[in-house]
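Here's protein33.cif, which has mmCIF, C-alpha atoms:
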```cif
data_input
#
loop_
_atom_site.label_atom_id
_atom_site.label_comp_id
_atom_site.auth_asym_id
_atom_site.auth_seq_id
_atom_site.Cartn_x
_atom_site.Cartn_y
_atom_site.Cartn_z
CA PRO A 769 -28.61 6.71 32.38
CA SER A 770 -30.59 9.90 32.78
CA THR A 771 -28.89 13.15 31.87
CA SER A 772 -28.86 14.20 35.53
CA ALA A 773 -26.79 11.11 36.38
CA LEU A 774 -23.99 12.11 34.01
CA PRO A 775 -21.15 14.32 35.24
CA LYS A 776 -21.64 17.90 34.04
CA GLN A 777 -18.05 17.96 32.73
CA LEU A 778 -18.54 14.89 30.50
CA ARG A 779 -18.24 15.81 26.82
CA GLY A 780 -17.81 12.41 25.22
CA GLY A 781 -15.82 9.22 25.25
CA ARG A 782 -13.11 7.19 23.60
CA VAL A 783 -11.89 3.64 23.55
CA VAL A 784 -8.65 2.61 21.90
CA LEU A 785 -9.30 0.07 19.15
CA LEU A 786 -5.66 -1.02 19.04
CA GLY A 787 -3.59 -3.70 20.67
CA CYS A 788 -1.79 -6.96 20.26
CA PRO A 789 -3.65 -8.75 18.97
CA MET A 790 -5.34 -5.99 16.99
CA PRO A 791 -9.13 -5.90 17.47
CA PRO A 792 -11.15 -6.77 14.37
CA ALA A 793 -11.37 -3.83 11.96
CA ASP A 794 -15.16 -3.92 12.25
CA ALA A 795 -15.24 -3.95 16.08
CA CYS A 796 -17.21 -0.69 16.05
CA ASN A 797 -20.13 -2.46 14.35
CA SER A 798 -20.99 -4.74 17.26
CA VAL A 799 -24.45 -4.41 18.79
CA GLN A 800 -22.97 -3.39 22.15
CA TYR A 801 -20.69 -0.75 20.60
CA LEU A 802 -23.52 0.76 18.57
CA ALA A 803 -25.79 0.82 21.64
CA GLY A 804 -23.13 2.77 23.52
CA LEU A 805 -22.84 5.28 20.69
CA ALA A 806 -26.63 5.65 20.61
CA ALA A 807 -26.57 6.53 24.32
CA LEU A 808 -23.85 9.13 23.73
CA GLU A 809 -25.80 10.59 20.82
CA GLU A 810 -28.95 10.78 22.93
CA HIS A 811 -27.08 12.95 25.44
CA GLY A 812 -25.34 15.14 22.86
CA LEU A 813 -21.88 13.74 23.58
CA HIS A 814 -19.08 13.08 21.08
CA TRP A 815 -16.94 10.00 20.41
CA GLU A 816 -13.25 9.75 19.56
CA TRP A 817 -11.83 7.07 17.30
CA CYS A 818 -8.32 5.81 18.05
CA CYS A 819 -7.84 3.02 15.54
CA HIS A 820 -5.77 1.34 12.87
CA HIS A 821 -6.37 2.61 9.33
CA THR A 822 -8.02 -0.68 8.34
CA ALA A 823 -10.92 0.24 10.63
CA LEU A 824 -11.61 3.52 8.80
CA PRO A 825 -14.19 2.10 6.34
CA PHE A 826 -16.18 0.71 9.28
CA VAL A 827 -15.75 3.94 11.23
CA ALA A 828 -17.05 5.87 8.19
CA LYS A 829 -20.20 3.75 8.12
CA VAL A 830 -20.84 4.39 11.82
CA CYS A 831 -20.26 8.13 11.34
CA ARG A 832 -22.77 8.10 8.50
CA ASP A 833 -25.32 6.19 10.58
CA PHE A 834 -24.92 8.57 13.55
CA SER A 835 -24.97 11.75 11.50
CA LYS A 836 -26.25 13.94 14.38
CA MET A 837 -23.25 13.05 16.53
CA THR A 838 -19.76 14.58 16.43
CA PHE A 839 -16.84 12.21 15.94
CA VAL A 840 -13.12 12.92 16.36
CA LEU A 841 -10.46 10.85 14.60
CA ASP A 842 -7.31 10.65 16.70
CA HIS A 843 -3.87 10.56 15.06
CA LEU A 844 -5.47 10.75 11.58
CA GLY A 845 -6.19 7.04 11.91
CA ARG A 846 -2.49 6.27 11.35
CA ASN A 847 -1.79 4.14 14.40
CA GLY A 848 0.41 1.22 13.40
CA GLY A 849 0.77 2.35 9.80
CA ASN A 850 3.79 2.00 7.54
CA GLU A 851 5.09 3.31 4.22
CA ASP A 852 3.34 0.51 2.31
CA ASP A 853 -0.21 1.35 3.41
CA VAL A 854 -0.26 5.11 2.78
CA GLU A 855 -2.32 4.94 -0.43
CA GLN A 856 -5.00 2.77 1.19
CA TRP A 857 -5.04 5.08 4.22
CA LYS A 858 -5.50 8.10 1.92
CA LYS A 859 -8.47 6.45 0.24
CA ASN A 860 -10.02 5.51 3.60
CA LEU A 861 -9.40 8.96 5.08
CA SER A 862 -10.96 10.66 2.06
CA ALA A 863 -14.10 8.53 2.44
CA LEU A 864 -14.34 9.28 6.16
CA ALA A 865 -13.88 13.03 5.59
CA GLU A 866 -17.00 13.07 3.41
CA HIS A 867 -18.99 12.96 6.66
CA GLN A 868 -19.25 16.52 7.96
CA ASN A 869 -19.75 15.30 11.53
CA VAL A 870 -16.11 14.11 11.66
CA VAL A 871 -13.11 16.19 12.71
CA ALA A 872 -9.54 14.90 12.74
CA LYS A 873 -6.59 15.41 15.05
CA ILE A 874 -3.29 16.06 13.30
CA GLY A 875 -0.71 14.84 15.72
CA ALA A 876 1.07 11.75 16.93
CA ILE A 877 3.26 11.78 13.82
CA GLU A 878 5.68 9.51 15.67
CA GLU A 879 3.06 6.74 15.33
CA TRP A 880 2.40 7.12 11.60
CA GLY A 881 5.15 4.78 10.41
CA VAL A 882 6.44 7.11 7.69
CA ALA A 883 9.72 8.94 7.24
CA ASP A 884 8.03 12.14 6.04
CA PRO A 885 4.67 13.09 7.60
CA ASN A 886 4.17 16.11 5.31
CA PRO A 887 2.37 14.33 2.44
CA LEU A 888 -0.03 12.81 4.97
CA LEU A 889 -0.68 16.17 6.60
CA ASP A 890 -1.25 17.72 3.18
CA HIS A 891 -3.79 14.99 2.38
CA ALA A 892 -5.58 15.60 5.68
CA VAL A 893 -5.83 19.32 4.96
CA ALA A 894 -7.20 18.56 1.49
CA CYS A 895 -9.82 16.20 2.98
CA PHE A 896 -10.93 18.09 6.08
CA GLY A 897 -10.01 21.70 5.46
CA PHE A 898 -8.78 23.84 8.33
CA GLN A 899 -12.09 24.06 10.20
CA ARG A 900 -12.28 20.30 10.81
CA LEU A 901 -8.67 19.73 11.91
CA ILE A 902 -7.44 19.84 15.49
CA PHE A 903 -3.83 19.90 16.68
CA GLU A 904 -2.92 17.20 19.19
CA SER A 905 0.38 16.72 20.94
CA ASN A 906 0.37 13.08 22.15
CA TRP A 907 3.02 14.50 24.45
CA PHE A 908 4.29 11.57 26.50
CA VAL A 909 4.43 9.15 23.55
CA SER A 910 6.02 11.82 21.37
CA LYS A 911 8.63 12.55 23.99
CA ALA A 912 9.42 8.86 24.43
CA CYS A 913 9.89 8.56 20.65
CA GLY A 914 12.21 11.56 20.52
CA TYR A 915 9.80 14.19 19.20
CA SER A 916 9.79 17.51 21.00
CA TYR A 917 6.58 19.46 21.49
CA LYS A 918 8.15 22.29 19.49
CA THR A 919 8.75 19.95 16.53
CA LEU A 920 5.16 18.69 16.62
CA VAL A 921 3.75 22.21 16.73
CA GLN A 922 6.07 23.41 13.97
CA THR A 923 5.23 20.46 11.71
CA SER A 924 1.50 21.12 12.07
CA TYR A 925 1.94 24.88 11.67
CA ASP A 926 4.01 24.35 8.52
CA ALA A 927 1.31 22.06 7.07
CA VAL A 928 -1.37 24.70 7.51
CA VAL A 929 0.77 27.47 6.02
CA ARG A 930 2.08 25.24 3.18
CA ASN A 931 -1.51 24.51 2.21
CA GLY A 932 -2.51 28.17 2.01
CA GLY A 933 -3.75 28.65 5.55
CA SER A 934 -3.92 32.10 7.09
CA GLU A 935 -2.98 32.96 10.67
CA GLU A 936 -6.70 32.61 11.47
CA ASP A 937 -6.63 29.09 10.00
CA VAL A 938 -3.59 28.29 12.14
CA LYS A 939 -5.53 29.43 15.22
CA ASP A 940 -8.56 27.34 14.17
CA VAL A 941 -6.41 24.22 13.93
#
```

Can I see the file as structure tokens?
Amino acid sequence: PSTSALPKQLRGGRVVLLGCPMPPADACNSVQYLAGLAALEEHGLHWEWCCHHTALPFVAKVCRDFSKMTFVLDHLGRNGGNEDDVEQWKKNLSALAEHQNVVAKIGAIEEWGVADPNPLLDHAVACFGFQRLIFESNWFVSKACGYSYKTLVQTSYDAVVRNGGSEEDVKDV
């Protein structure tokens, strides 16, 4: 569509690459998906990834191929994770973070499948730094899972401070 046909408020898009059954990890490499991203890039819009960690290598390739576009990784790519896949997730997240056009949301810890989210948050800070991290609340899912907004904010705040962040860094995140 022409730029004039797009709503002025539109900043980007997102589709959830999760479900039962789980979409293929490489779903973002389909011709149709890539054509949609090309259209967003043409109009200066961003794209958000909400995916299982097994999709991260494919997501990284797309982010590399669309290097002029901004991408946002929701929930640190930890949807449907568990304690057994943390090391693979760390490796995949590190590779994705090499692309400077990617920022990551540090929230939705109730979906990460780990007892202690702090090592994962510390890894995210090490990969992305403070300038490429964004706090997210995931408020209604968090609330349903027993996480208060205050707990989510405090956990993210503590991660920034624990990793040497200043008050300015906290505000950036």

Quiz item: In file coordinates, which residues lie within 10 Å of (-13.6, 9.8, 2.5) using only C-alpha atoms, given as a list in words?
Solution: Leu824, Pro825, Ala828, Trp857, Lys858, Lys859, Asn860, Leu861, Ser862, Ala863, Leu864, Ala865, Glu866, His867, Cys895 and Phe896 of chain A

Quiz prompt | Test item: residues at most 6 Å from A:Cys818, all atoms listed in the file, excluding those fewer than 5 positions along its chain, as JSON, numbers by chain | solution = {"A": [784, 785, 842]}

Exercise. Starting from the shown file, work through the PyMOL selection byres ((chain A and resi 848) around 7) and note down what comes out as a ChimeraX atom specification.
Key: /A:820,846-847,849-850,879-881

For the residues selected in the previous step, produce a file with C-alpha atoms as a compact mmCIF listing (two decimals), in the frame of the given file.
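selection_25.txt was written with the following content:
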```
# COMPACT_ATOMS: atom_id res chain seq x y z
CA HIS A 820 -5.77 1.34 12.87
CA ARG A 846 -2.49 6.27 11.35
CA ASN A 847 -1.79 4.14 14.40
CA GLY A 849 0.77 2.35 9.80
CA ASN A 850 3.79 2.00 7.54
CA GLU A 879 3.06 6.74 15.33
CA TRP A 880 2.40 7.12 11.60
CA GLY A 881 5.15 4.78 10.41
```

Quiz item: Written as a PyMOL selection string, which residues does the PyMOL selection byres ((chain A and resi 940) around 9) give for the file shown?
Solution: chain A and resi 898-902+935-939+941

Just write the chosen residues, C-alpha atoms, as a compact mmCIF listing (two decimals), in the frame of the given file.
```txt
# COMPACT_ATOMS: atom_id res chain seq x y z
CA PHE A 898 -8.78 23.84 8.33
CA GLN A 899 -12.09 24.06 10.20
CA ARG A 900 -12.28 20.30 10.81
CA LEU A 901 -8.67 19.73 11.91
CA ILE A 902 -7.44 19.84 15.49
CA GLU A 935 -2.98 32.96 10.67
CA GLU A 936 -6.70 32.61 11.47
CA ASP A 937 -6.63 29.09 10.00
CA VAL A 938 -3.59 28.29 12.14
CA LYS A 939 -5.53 29.43 15.22
CA VAL A 941 -6.41 24.22 13.93
```

Quiz item: At what distance in Å, to one decimal, does atom CA of A:Leu805 lie from atom CA of A:Phe903?
Solution: 24.3 Å

Exercise. Considering only C-alpha atoms, return as a PyMOL selection string whatever protein or nucleic-acid residues lie within 9 Å of A:Asn797, sequence-local ones (same chain, fewer than 6 positions apart) excluded.
Key: chain A and resi 826-827+829-830

Quiz item: So which one's closest to A:Ala927, A:Ser905, A:Ala793, A:Val893, A:Gly914? Using all atoms listed in the file, please.
Solution: A:Val893

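Taken over the whole file, the PyMOL selection byres ((chain A and resi 844) around 7) covers exactly Leu841, Asp842, His843, Gly845, Arg846, Ala872, Lys873 and Ile874 of chain A.
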
Quiz prompt | Nearby residues (all atoms listed in the file) at most 8 Å from A:Leu920, same-chain spacing under 4 positions excluded, as a PyMOL selection string | solution = chain A and resi 875+877+905+915-916+924

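Going from atom CA of A:Leu802 over to atom CA of A:Trp815, you cover 11.5 Å.
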
Practice problem: Do a neighbour search on stretch 807-812 of chain A at 8 Å with all atoms listed in the file, toss out local chain neighbours closer than 5 positions, and write the hits as an MDAnalysis selection string. | Solution: chainID A and resid 771 780 834 836:837

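Going from atom CA of A:Ala876 over to atom CA of A:Tyr917, you cover 10.5 Å.
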
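Nearest-residue note for A:Thr838: choosing from A:Val854, A:Ala773, A:Val871, A:Cys819, the minimum distance belongs to A:Val871, counting only C-alpha atoms.
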
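The closest residue to A:Ala795, picked from A:Leu889, A:Ala823, A:Pro775, A:His814 and counting only C-alpha atoms, is A:Ala823.
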
Quiz item: Which one of A:Cys831, A:Leu774, A:Leu888, A:Cys913 sits closest to A:Trp817 if you count all atoms listed in the file?
Solution: A:Cys831

Could stretch 786-821 of chain A be completed with N, CA and C atoms and returned as an mmCIF file, in the coordinates of the input?
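What follows is the written file rebuild04.cif:
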```cif
data_model
loop_
_atom_site.group_PDB
_atom_site.id
_atom_site.type_symbol
_atom_site.label_atom_id
_atom_site.label_comp_id
_atom_site.auth_asym_id
_atom_site.auth_seq_id
_atom_site.Cartn_x
_atom_site.Cartn_y
_atom_site.Cartn_z
ATOM 1 N N LEU A 786 -7.000 -0.596 19.416
ATOM 2 C CA LEU A 786 -5.660 -1.020 19.040
ATOM 3 C C LEU A 786 -5.195 -2.063 20.034
ATOM 4 N N GLY A 787 -4.155 -2.758 19.719
ATOM 5 C CA GLY A 787 -3.590 -3.700 20.670
ATOM 6 C C GLY A 787 -2.895 -4.842 19.973
ATOM 7 N N CYS A 788 -2.446 -5.761 20.766
ATOM 8 C CA CYS A 788 -1.790 -6.960 20.260
ATOM 9 C C CYS A 788 -2.408 -8.136 21.005
ATOM 10 N N PRO A 789 -3.298 -8.851 20.388
ATOM 11 C CA PRO A 789 -3.650 -8.750 18.970
ATOM 12 C C PRO A 789 -4.539 -7.540 18.697
ATOM 13 N N MET A 790 -4.529 -7.119 17.432
ATOM 14 C CA MET A 790 -5.340 -5.990 16.990
ATOM 15 C C MET A 790 -6.809 -6.417 17.007
ATOM 16 N N PRO A 791 -7.696 -5.571 17.539
ATOM 17 C CA PRO A 791 -9.130 -5.900 17.470
ATOM 18 C C PRO A 791 -9.579 -6.003 16.017
ATOM 19 N N PRO A 792 -10.653 -6.712 15.752
ATOM 20 C CA PRO A 792 -11.150 -6.770 14.370
ATOM 21 C C PRO A 792 -11.422 -5.364 13.845
ATOM 22 N N ALA A 793 -11.173 -5.148 12.564
ATOM 23 C CA ALA A 793 -11.370 -3.830 11.960
ATOM 24 C C ALA A 793 -12.805 -3.353 12.101
ATOM 25 N N ASP A 794 -13.747 -4.284 12.154
ATOM 26 C CA ASP A 794 -15.160 -3.920 12.250
ATOM 27 C C ASP A 794 -15.697 -3.966 13.683
ATOM 28 N N ALA A 795 -14.813 -3.880 14.672
ATOM 29 C CA ALA A 795 -15.240 -3.950 16.080
ATOM 30 C C ALA A 795 -16.288 -2.902 16.425
ATOM 31 N N CYS A 796 -16.264 -1.768 15.756
ATOM 32 C CA CYS A 796 -17.210 -0.690 16.050
ATOM 33 C C CYS A 796 -18.613 -0.984 15.533
ATOM 34 N N ASN A 797 -18.806 -2.095 14.858
ATOM 35 C CA ASN A 797 -20.130 -2.460 14.350
ATOM 36 C C ASN A 797 -20.866 -3.445 15.236
ATOM 37 N N SER A 798 -20.302 -3.800 16.380
ATOM 38 C CA SER A 798 -20.990 -4.740 17.260
ATOM 39 C C SER A 798 -22.242 -4.091 17.856
ATOM 40 N N VAL A 799 -23.191 -4.904 18.213
ATOM 41 C CA VAL A 799 -24.450 -4.410 18.790
ATOM 42 C C VAL A 799 -24.162 -3.593 20.054
ATOM 43 N N GLN A 800 -23.289 -4.082 20.891
ATOM 44 C CA GLN A 800 -22.970 -3.390 22.150
ATOM 45 C C GLN A 800 -22.302 -2.034 21.872
ATOM 46 N N TYR A 801 -21.386 -1.992 20.942
ATOM 47 C CA TYR A 801 -20.690 -0.750 20.600
ATOM 48 C C TYR A 801 -21.674 0.285 20.079
ATOM 49 N N LEU A 802 -22.536 -0.148 19.157
ATOM 50 C CA LEU A 802 -23.520 0.760 18.570
ATOM 51 C C LEU A 802 -24.525 1.253 19.611
ATOM 52 N N ALA A 803 -24.882 0.401 20.565
ATOM 53 C CA ALA A 803 -25.790 0.820 21.640
ATOM 54 C C ALA A 803 -25.131 1.902 22.501
ATOM 55 N N GLY A 804 -23.850 1.753 22.751
ATOM 56 C CA GLY A 804 -23.130 2.770 23.520
ATOM 57 C C GLY A 804 -23.087 4.099 22.782
ATOM 58 N N LEU A 805 -22.851 4.048 21.481
ATOM 59 C CA LEU A 805 -22.840 5.280 20.690
ATOM 60 C C LEU A 805 -24.220 5.923 20.662
ATOM 61 N N ALA A 806 -25.264 5.107 20.593
ATOM 62 C CA ALA A 806 -26.630 5.650 20.610
ATOM 63 C C ALA A 806 -26.898 6.389 21.916
ATOM 64 N N ALA A 807 -26.390 5.863 23.024
ATOM 65 C CA ALA A 807 -26.570 6.530 24.320
ATOM 66 C C ALA A 807 -25.818 7.861 24.340
ATOM 67 N N LEU A 808 -24.613 7.878 23.800
ATOM 68 C CA LEU A 808 -23.850 9.130 23.730
ATOM 69 C C LEU A 808 -24.583 10.152 22.863
ATOM 70 N N GLU A 809 -25.084 9.690 21.722
ATOM 71 C CA GLU A 809 -25.800 10.590 20.820
ATOM 72 C C GLU A 809 -27.037 11.166 21.500
ATOM 73 N N GLU A 810 -27.736 10.335 22.232
ATOM 74 C CA GLU A 810 -28.950 10.780 22.930
ATOM 75 C C GLU A 810 -28.653 11.919 23.899
ATOM 76 N N HIS A 811 -27.450 11.924 24.466
ATOM 77 C CA HIS A 811 -27.080 12.950 25.440
ATOM 78 C C HIS A 811 -26.223 14.064 24.842
ATOM 79 N N GLY A 812 -26.089 14.074 23.511
ATOM 80 C CA GLY A 812 -25.340 15.140 22.860
ATOM 81 C C GLY A 812 -23.846 15.084 23.084
ATOM 82 N N LEU A 813 -23.307 13.896 23.318
ATOM 83 C CA LEU A 813 -21.880 13.740 23.580
ATOM 84 C C LEU A 813 -21.160 13.274 22.315
ATOM 85 N N HIS A 814 -19.855 13.487 22.256
ATOM 86 C CA HIS A 814 -19.080 13.080 21.080
ATOM 87 C C HIS A 814 -18.318 11.785 21.355
ATOM 88 N N TRP A 815 -17.740 11.224 20.304
ATOM 89 C CA TRP A 815 -16.940 10.000 20.410
ATOM 90 C C TRP A 815 -15.645 10.182 19.647
ATOM 91 N N GLU A 816 -14.546 9.677 20.216
ATOM 92 C CA GLU A 816 -13.250 9.750 19.560
ATOM 93 C C GLU A 816 -12.814 8.361 19.112
ATOM 94 N N TRP A 817 -12.349 8.305 17.875
ATOM 95 C CA TRP A 817 -11.830 7.070 17.300
ATOM 96 C C TRP A 817 -10.320 7.051 17.405
ATOM 97 N N CYS A 818 -9.767 6.042 18.028
ATOM 98 C CA CYS A 818 -8.320 5.810 18.050
ATOM 99 C C CYS A 818 -8.159 4.397 17.496
ATOM 100 N N CYS A 819 -7.779 4.310 16.217
ATOM 101 C CA CYS A 819 -7.840 3.020 15.540
ATOM 102 C C CYS A 819 -6.768 2.879 14.469
ATOM 103 N N HIS A 820 -6.635 1.665 13.999
ATOM 104 C CA HIS A 820 -5.770 1.340 12.870
ATOM 105 C C HIS A 820 -6.479 1.777 11.586
ATOM 106 N N HIS A 821 -5.742 2.113 10.561
ATOM 107 C CA HIS A 821 -6.370 2.610 9.330
ATOM 108 C C HIS A 821 -7.308 1.601 8.685
#
```
